[in-house]
Number of protein chains: 2
Amino acid sequence: MNTKTEIIAVGSELLLGQIVNSNAQFISSELAEMGFNTYYHTVTGDNAGRLKAAIETAQTRSNVIIFTGGLGPTKDDLTKETIASHLHVQLVTDNDAMASIEDYFKKVNRAMSENNRKQALVLEGSHILKNDTGMAPGMALEADGIVYILMPGPPSEMRPMFSNYARPYLLELLGEQEKIMSRVLRYFGIGESQLEADLEDLIDGQTNPTIAPLAGDGEVTLRLTARHKEATTATQLLNELEQTINARVGDYFYGYESTSLLQEVTDRLIERKITISSAESLTGGLFSEQLTTVKGTSSVLKGGIVCYSNSVKQNLLNVKPETLENHGAVSGQCAKEMAENIRRLAESDIGISFTGVAGPEPMDNQPVGTVYIGIASEAQTEVHELKLAGSRDGIRKRSVKYGCRLLMKHLEKHTAL
Amino acid sequence: MNTKTEIIAVGSELLLGQIVNSNAQFISSELAEMGFNTYYHTVTGDNAGRLKAAIETAQTRSNVIIFTGGLGPTKDDLTKETIASHLHVQLVTDNDAMASIEDYFKKVNRAMSENNRKQALVLEGSHILKNDTGMAPGMALEADGIVYILMPGPPSEMRPMFSNYARPYLLELLGEQEKIMSRVLRYFGIGESQLEADLEDLIDGQTNPTIAPLAGDGEVTLRLTARHKEATTATQLLNELEQTINARVGDYFYGYESTSLLQEVTDRLIERKITISSAESLTGGLFSEQLTTVKGTSSVLKGGIVCYSNSVKQNLLNVKPETLENHGAVSGQCAKEMAENIRRLAESDIGISFTGVAGPEPMDNQPVGTVYIGIASEAQTEVHELKLAGSRDGIRKRSVKYGCRLLMKHLEKHTAL
């Protein structure tokens with residue numbers, strides 16, 4: 001079956017912006033993994049006329065239509081009623097569902113109000129999708145070459161129903177077919193457009209595997225997706241493409257899937273039992289704060305000094321007055337002393353420092369976006385100068401990412417640390 | 001104008017479930033507040049044919065169509081191209097947009113790749129919506145009785161564009177009608193259910209103004225919305241309701257609209273020229289980092305010490321060894337010394353300290369969620385013990401908020417500082 005899937009979420013709370021359509025994301029992600037093509041998401045309110053119009057549109061373009069929401073007990077829950085009338089199918093009471101609803105009210109010792117019976121009504125002839133975490137059962141129905149799946153709106157009910165009952169049903173529809181495997185490659189320090197320019201021929205020529213770039217937070221990811229009857233062949237296809245890509249842009253590659261620069265650098269520090277401390281001017285504590293969010297850092301992070309003012313740079317961090325006078329606080333020399341001094345003061349293996357101009361105003365005759373990062377270890381002190389663009393907040397956050405990246409390179413270079 | 005609004009998000013990453021359609025939620029919530037009726041959300045992938053089909057469907061049922069996504073530099077960004085060809089409108093270069101793109105690449109000292117020019121193309125005759133946080137400008141165009149709004153996909157670009165440029169444009173469309181005025185009141189230190197219980201009769205009896213409570217990040221906000229033909233009367237209605245509410249829960253009130261505890265406390269420090277420094281164990285630099293995100297803090301924030309390890313507490317911050325031995329690092333005594341010592345070392349008017357157990361494991365025989373905050377000034381050293389619930393991250397963030405709240409109270413009490 002060549003699937004053309006559409007997800008229709010029903011609920012006025014979505015159109016009022018009170019909640020986000022996380023159901024569509026969850027189902028889409030599952031479907032992608034299963035090899036279904038999702039071409040449309042639609043949201044309509046609790047309105048029979050507009051829901052009917054959405055169904056009619058979906059019937060012209062989709063052959064798997066997945067509904068979420070509108071299966072509850074109240075008057076504005078009208079998904080199955082609307083579908084029943086549109087497809088000329090009867091609604092009948094499902095005895096199992098009715099028994100479990102009655103059971104629920106007995107258990108909580110509350111009287112069952114009449115409208116709860118409505119939840120046990122199902123489309124006649126449909127395959128029931130059990131609701132293990134709520135009352136309204138789901139349904140799957142085939143009619144005129146189109147598959148209709150109905151599930152409740154609350155994610156706590158929909159997700160287990162999808163995973164345990166809808167997913168196997170849908171996979172059976174697909175029958176024998178290709179395995180789909182994805183891999184996410186993460187890059188830092190290269191722009192999306194540059195990455196695409198470097199890989200243009202690969203992206204233009206893509207068929208299997210496909211390459212999907214996505215940019216965000218100063219990083220770029222590539223999602224490679226391969227399809228093949230044999231899982232091993234799909235993996236082989238991914239391996240080959242990854243090698244081809246990283247032969248060109250591997251310098252910027254730092255990890256797979258949902259990892260982060262912070263996670264990667266912390267993993268290496270913990271693995272090698274290397275302690276670290278920080279001296280932060282520009283970033284005001286952001287580096288150390290972010291490090292403490294990673295579990296297990298207490299064994300490697302000693303602490304640091306936030307030297308936002310020159311007096312703290314001088315008095316607490318012992319930066320030389322001549323350095324501040326002759327080079328300024330935003331200088332390579334200052335970054336060097338900050339990194340070396342915090343390493344010594346905090347008695348750590350590595351000291352890292354951040355100084356720069358986040359804006360909005362220039363400082364020390366340096367334009368906004370000028371950043372110096374120092375890394376001091378037994379092996380070497382290095383200082384890097386960066387020119388970053390963006391907002392005040394963006395410059396600070398990107399500086400921390402660059403710091404992590406430079407730390408990783410330092411650890412790679414000095415394997416004896 | 002009787003609005004029938006539809007939001008069309010364009011992006012294959014949405015259909016693959018890689019990201020959630022938070023743009024639709026944000027815009028819907030804004031539109032609801034502005035008095036627009038949103039009847040449909042649609043999502044399509046980066047595919048010209050299916051996007052065109054979605055536009056055709058939208059034209060039959062909506063008179064305001066808001067697009068997000070697909071305005072970027074790459075080949076799969078095709079929203080404006082598809083709309084241009086469908087509406088028979090030319091794409092022309094917007095000189096302002098082009099200048100700011102060139103400016104960006106000059107600033108970061110990187111070569112502009114050719115595909116970035118594409119971002120400066122706009123629909124001929126459209127009203128430009130400025131992009132203050134990115135490169136691709138937005139557009140608003142009226143054609144055959146339908147309003148088309150195009151905005152970029154990244155929320156960091158779309159949100160300010162909507163609030164600052166699309167919103168006023170859309171409100172103008174609505175024309176003469178009731179004025180809608182809103183006011184957000186912010187509370188900290190009281191739970192949502194307690195606030196609702198205290199205001200139950202007001203919330204139950206609400207008609208005009210309406211009261212909408214919203215909880216998040218340990219804070220509760222109340223959004224009051226009044227409608228009246230006369231703006232002055234609407235304001236008067238809001239003033240009266242605010243007085244009634246704060247007669248009951250004013251103790252927890254700290255500010256209006258989108259302010260934050262951090263902003264409020266920083267404003268007061270700057271106003272009164274009071275300098276501050278921090279000693280952070282539990283929070284790992286989060287307090288000082290957050291303070292530096294507020295414009296103008298460089299005049300009051302001296303810096304601080306992140307004393308994540310006991311060796312840094314002792315060697316850099318001069319906490320007495322006896323204190324760590326007899327009371328532990330998570331103790332009122334330690335918080336007191338931390339606050340007093342950083343104040344002295346950094347030569348600031350106020351020293352603030354954070355020590356505690358963020359979890360997941362207990363520490364120093366103290367359960368997860370035990371937090372001590374110290375505030376030292378010329379007038380007084382105070383230490384507060386808190387018992388917080390929640391995740392590791394939640395405890396740290398809430399501690400910083402409590403720190404700000406306690407600082408505000410300290411500044412109120414000691415007016416001579």
# chains A, B, ... in the order shown; residues from 1 in each chain; ligands from 1
call {"tool": "residues_around", "arguments": {"residues": "region 74-86 of chain A", "least_positions_apart": "2", "cutoff": "12 Å", "atoms": "only C-alpha atoms", "output": "MDAnalysis selection string"}}
result
chainID A and resid 8:13 44:56 59 65:72 88:92 113:126 136:141 143 148:153
call {"tool": "residues_around", "arguments": {"residues": "Asp217 (chain B)", "least_positions_apart": "3", "cutoff": "9 Å", "atoms": "only C-alpha atoms", "output": "PyMOL selection string"}}
result
chain B and resi 220+394+397-398
call {"tool": "residues_around", "arguments": {"residues": "region 316-325 of chain B", "least_positions_apart": "5", "cutoff": "10 Å", "atoms": "only C-alpha atoms", "output": "JSON, numbers by chain"}}
result
{"A": [303, 304, 305, 316, 317, 345, 346], "B": [279, 304, 305, 306, 307, 310, 311, 330, 331, 332, 333, 334, 335, 336, 337, 338, 339, 340, 341, 342, 344, 345, 364]}
call {"tool": "write_last_selection", "arguments": {"atoms": "C-alpha atoms", "output": "compact mmCIF listing (two decimals), in the first residue's frame"}}
result
# COMPACT_ATOMS: atom_id res chain seq x y z
CA GLY A 303 33.31 25.82 40.27
CA GLY A 304 34.50 29.17 39.06
CA ILE A 305 34.46 32.91 39.21
CA LEU A 316 39.39 37.75 42.92
CA LEU A 317 40.83 36.36 39.71
CA LEU A 345 42.91 29.02 42.02
CA ALA A 346 40.31 26.26 41.77
CA ALA B 279 27.95 32.87 45.78
CA GLY B 304 30.57 36.12 42.02
CA ILE B 305 31.90 32.71 42.83
CA VAL B 306 30.41 29.44 41.65
CA CYS B 307 31.37 27.18 44.56
CA ASN B 310 33.66 22.20 48.85
CA SER B 311 37.29 22.97 48.00
CA VAL B 330 23.73 22.52 52.76
CA SER B 331 23.04 24.55 55.90
CA GLY B 332 21.91 27.96 57.03
CA GLN B 333 25.34 28.64 58.52
CA CYS B 334 27.06 27.90 55.22
CA ALA B 335 24.58 30.10 53.31
CA LYS B 336 25.25 32.91 55.81
CA GLU B 337 29.04 32.75 55.39
CA MET B 338 28.74 32.44 51.63
CA ALA B 339 26.61 35.60 51.38
CA GLU B 340 28.72 37.61 53.81
CA ASN B 341 32.03 36.50 52.32
CA ILE B 342 31.16 37.15 48.68
CA ARG B 344 33.22 41.38 51.27
CA LEU B 345 35.40 39.74 48.61
CA ASP B 364 24.59 16.09 53.66
call {"tool": "select_by_dssp", "arguments": {"residues": "region 184-244 of chain B", "states": "alpha helix (DSSP H)", "output": "MDAnalysis selection string"}}
result
chainID B and resid 192:198 200:204 231:244
call {"tool": "write_last_selection", "arguments": {"atoms": "N, CA and C atoms", "output": "PDB file, in the first residue's frame"}}
result
ATOM      1  N   GLU B 192      -1.482  27.926  41.957  1.00  0.00           N
ATOM      2  CA  GLU B 192      -2.632  28.276  41.132  1.00  0.00           C
ATOM      3  C   GLU B 192      -3.943  27.920  41.837  1.00  0.00           C
ATOM      4  N   SER B 193      -4.004  26.740  42.476  1.00  0.00           N
ATOM      5  CA  SER B 193      -5.274  26.322  43.064  1.00  0.00           C
ATOM      6  C   SER B 193      -5.608  27.202  44.268  1.00  0.00           C
ATOM      7  N   GLN B 194      -4.589  27.637  45.020  1.00  0.00           N
ATOM      8  CA  GLN B 194      -4.844  28.533  46.150  1.00  0.00           C
ATOM      9  C   GLN B 194      -5.345  29.885  45.648  1.00  0.00           C
ATOM     10  N   LEU B 195      -4.698  30.389  44.609  1.00  0.00           N
ATOM     11  CA  LEU B 195      -5.119  31.678  44.048  1.00  0.00           C
ATOM     12  C   LEU B 195      -6.560  31.590  43.553  1.00  0.00           C
ATOM     13  N   GLU B 196      -6.861  30.482  42.870  1.00  0.00           N
ATOM     14  CA  GLU B 196      -8.230  30.308  42.365  1.00  0.00           C
ATOM     15  C   GLU B 196      -9.236  30.199  43.500  1.00  0.00           C
ATOM     16  N   ALA B 197      -8.857  29.500  44.582  1.00  0.00           N
ATOM     17  CA  ALA B 197      -9.762  29.369  45.727  1.00  0.00           C
ATOM     18  C   ALA B 197     -10.018  30.746  46.334  1.00  0.00           C
ATOM     19  N   ASP B 198      -8.965  31.555  46.456  1.00  0.00           N
ATOM     20  CA  ASP B 198      -9.118  32.886  47.040  1.00  0.00           C
ATOM     21  C   ASP B 198      -9.988  33.802  46.186  1.00  0.00           C
ATOM     22  N   GLU B 200     -12.425  32.599  43.981  1.00  0.00           N
ATOM     23  CA  GLU B 200     -13.438  31.744  43.360  1.00  0.00           C
ATOM     24  C   GLU B 200     -14.693  32.503  42.928  1.00  0.00           C
ATOM     25  N   ASP B 201     -15.233  33.330  43.834  1.00  0.00           N
ATOM     26  CA  ASP B 201     -16.473  34.046  43.507  1.00  0.00           C
ATOM     27  C   ASP B 201     -16.261  34.996  42.334  1.00  0.00           C
ATOM     28  N   LEU B 202     -15.078  35.629  42.276  1.00  0.00           N
ATOM     29  CA  LEU B 202     -14.802  36.562  41.179  1.00  0.00           C
ATOM     30  C   LEU B 202     -14.692  35.802  39.849  1.00  0.00           C
ATOM     31  N   ILE B 203     -14.014  34.650  39.885  1.00  0.00           N
ATOM     32  CA  ILE B 203     -13.816  33.881  38.653  1.00  0.00           C
ATOM     33  C   ILE B 203     -15.138  33.303  38.166  1.00  0.00           C
ATOM     34  N   ASP B 204     -15.946  32.779  39.110  1.00  0.00           N
ATOM     35  CA  ASP B 204     -17.243  32.211  38.722  1.00  0.00           C
ATOM     36  C   ASP B 204     -18.182  33.272  38.167  1.00  0.00           C
ATOM     37  N   ALA B 231     -12.314  53.183  25.250  1.00  0.00           N
ATOM     38  CA  ALA B 231     -11.095  52.638  25.843  1.00  0.00           C
ATOM     39  C   ALA B 231     -10.981  53.033  27.311  1.00  0.00           C
ATOM     40  N   THR B 232     -11.399  54.285  27.628  1.00  0.00           N
ATOM     41  CA  THR B 232     -11.261  54.742  29.023  1.00  0.00           C
ATOM     42  C   THR B 232     -12.133  53.905  29.956  1.00  0.00           C
ATOM     43  N   THR B 233     -13.319  53.526  29.492  1.00  0.00           N
ATOM     44  CA  THR B 233     -14.188  52.706  30.331  1.00  0.00           C
ATOM     45  C   THR B 233     -13.590  51.314  30.514  1.00  0.00           C
ATOM     46  N   ALA B 234     -13.034  50.762  29.438  1.00  0.00           N
ATOM     47  CA  ALA B 234     -12.403  49.446  29.545  1.00  0.00           C
ATOM     48  C   ALA B 234     -11.262  49.489  30.565  1.00  0.00           C
ATOM     49  N   THR B 235     -10.479  50.568  30.512  1.00  0.00           N
ATOM     50  CA  THR B 235      -9.377  50.724  31.476  1.00  0.00           C
ATOM     51  C   THR B 235      -9.906  50.814  32.901  1.00  0.00           C
ATOM     52  N   GLN B 236     -10.973  51.570  33.054  1.00  0.00           N
ATOM     53  CA  GLN B 236     -11.593  51.739  34.365  1.00  0.00           C
ATOM     54  C   GLN B 236     -12.048  50.385  34.929  1.00  0.00           C
ATOM     55  N   LEU B 237     -12.658  49.563  34.071  1.00  0.00           N
ATOM     56  CA  LEU B 237     -13.110  48.232  34.488  1.00  0.00           C
ATOM     57  C   LEU B 237     -11.922  47.392  34.965  1.00  0.00           C
ATOM     58  N   LEU B 238     -10.803  47.480  34.237  1.00  0.00           N
ATOM     59  CA  LEU B 238      -9.606  46.725  34.618  1.00  0.00           C
ATOM     60  C   LEU B 238      -9.052  47.215  35.954  1.00  0.00           C
ATOM     61  N   ASN B 239      -9.014  48.543  36.141  1.00  0.00           N
ATOM     62  CA  ASN B 239      -8.489  49.105  37.394  1.00  0.00           C
ATOM     63  C   ASN B 239      -9.279  48.609  38.593  1.00  0.00           C
ATOM     64  N   GLU B 240     -10.619  48.623  38.436  1.00  0.00           N
ATOM     65  CA  GLU B 240     -11.470  48.226  39.564  1.00  0.00           C
ATOM     66  C   GLU B 240     -11.262  46.752  39.916  1.00  0.00           C
ATOM     67  N   LEU B 241     -11.208  45.912  38.890  1.00  0.00           N
ATOM     68  CA  LEU B 241     -11.047  44.483  39.153  1.00  0.00           C
ATOM     69  C   LEU B 241      -9.675  44.204  39.772  1.00  0.00           C
ATOM     70  N   GLU B 242      -8.650  44.889  39.278  1.00  0.00           N
ATOM     71  CA  GLU B 242      -7.314  44.678  39.837  1.00  0.00           C
ATOM     72  C   GLU B 242      -7.289  45.026  41.327  1.00  0.00           C
ATOM     73  N   GLN B 243      -7.952  46.119  41.692  1.00  0.00           N
ATOM     74  CA  GLN B 243      -7.997  46.504  43.111  1.00  0.00           C
ATOM     75  C   GLN B 243      -8.676  45.443  43.950  1.00  0.00           C
ATOM     76  N   THR B 244      -9.809  44.943  43.467  1.00  0.00           N
ATOM     77  CA  THR B 244     -10.553  43.912  44.204  1.00  0.00           C
ATOM     78  C   THR B 244      -9.686  42.666  44.395  1.00  0.00           C
TER      79      THR B 244
END
call {"tool": "select_by_dssp", "arguments": {"residues": "region 120-220 of chain A", "states": "strand (DSSP E)", "output": "PDB file with C-alpha atoms, in the first residue's frame"}}
result
ATOM      1  CA  LEU A 121     -20.789   3.732  21.053  1.00  0.00           C
ATOM      2  CA  VAL A 122     -18.589   2.622  18.160  1.00  0.00           C
ATOM      3  CA  LEU A 123     -18.817   2.589  14.356  1.00  0.00           C
ATOM      4  CA  HIS A 127     -11.981  -2.890  14.612  1.00  0.00           C
ATOM      5  CA  ILE A 128     -11.856  -1.722  18.262  1.00  0.00           C
ATOM      6  CA  LEU A 129      -8.661  -0.141  19.574  1.00  0.00           C
ATOM      7  CA  GLY A 138     -10.662   3.867  19.589  1.00  0.00           C
ATOM      8  CA  MET A 139     -11.709   2.492  16.210  1.00  0.00           C
ATOM      9  CA  ALA A 140     -10.247   1.451  12.860  1.00  0.00           C
ATOM     10  CA  LEU A 141     -12.469   1.162   9.816  1.00  0.00           C
ATOM     11  CA  GLU A 142     -11.877   0.584   6.106  1.00  0.00           C
ATOM     12  CA  ALA A 143     -14.372   2.064   3.664  1.00  0.00           C
ATOM     13  CA  ILE A 146      -9.662   4.569   2.811  1.00  0.00           C
ATOM     14  CA  VAL A 147      -8.604   3.609   6.333  1.00  0.00           C
ATOM     15  CA  TYR A 148     -10.114   5.670   9.168  1.00  0.00           C
ATOM     16  CA  ILE A 149      -8.496   5.554  12.600  1.00  0.00           C
ATOM     17  CA  LEU A 150     -10.259   7.269  15.510  1.00  0.00           C
ATOM     18  CA  MET A 151      -8.465   7.884  18.808  1.00  0.00           C
ATOM     19  CA  LYS A 179      12.616  -1.258   6.489  1.00  0.00           C
ATOM     20  CA  ILE A 180      13.184   2.411   7.156  1.00  0.00           C
ATOM     21  CA  MET A 181      16.201   3.557   9.109  1.00  0.00           C
ATOM     22  CA  SER A 182      17.127   7.098  10.101  1.00  0.00           C
ATOM     23  CA  ARG A 183      20.244   8.664  11.501  1.00  0.00           C
ATOM     24  CA  VAL A 184      20.713  12.249  12.703  1.00  0.00           C
ATOM     25  CA  LEU A 185      24.157  13.859  12.286  1.00  0.00           C
ATOM     26  CA  ARG A 186      24.877  17.044  14.273  1.00  0.00           C
ATOM     27  CA  TYR A 187      27.126  19.921  13.173  1.00  0.00           C
ATOM     28  CA  PHE A 188      28.320  23.064  14.899  1.00  0.00           C
ATOM     29  CA  THR A 210      17.362  10.963   1.641  1.00  0.00           C
ATOM     30  CA  ILE A 211      19.079  13.948   3.316  1.00  0.00           C
ATOM     31  CA  ALA A 212      17.062  16.504   5.311  1.00  0.00           C
ATOM     32  CA  PRO A 213      18.923  19.505   6.816  1.00  0.00           C
ATOM     33  CA  LEU A 214      17.440  21.369   9.790  1.00  0.00           C
ATOM     34  CA  ALA A 215      18.900  24.448  11.477  1.00  0.00           C
ATOM     35  CA  GLY A 216      18.317  25.794  14.971  1.00  0.00           C
ATOM     36  CA  GLU A 219      23.521  24.224  14.991  1.00  0.00           C
ATOM     37  CA  VAL A 220      22.643  22.265  11.866  1.00  0.00           C
TER      38      VAL A 220
END
call {"tool": "atom_distance", "arguments": {"atom1": "CA of Phe287 (chain A)", "atom2": "CA of Gly296 (chain B)"}}
result
20.9 Å
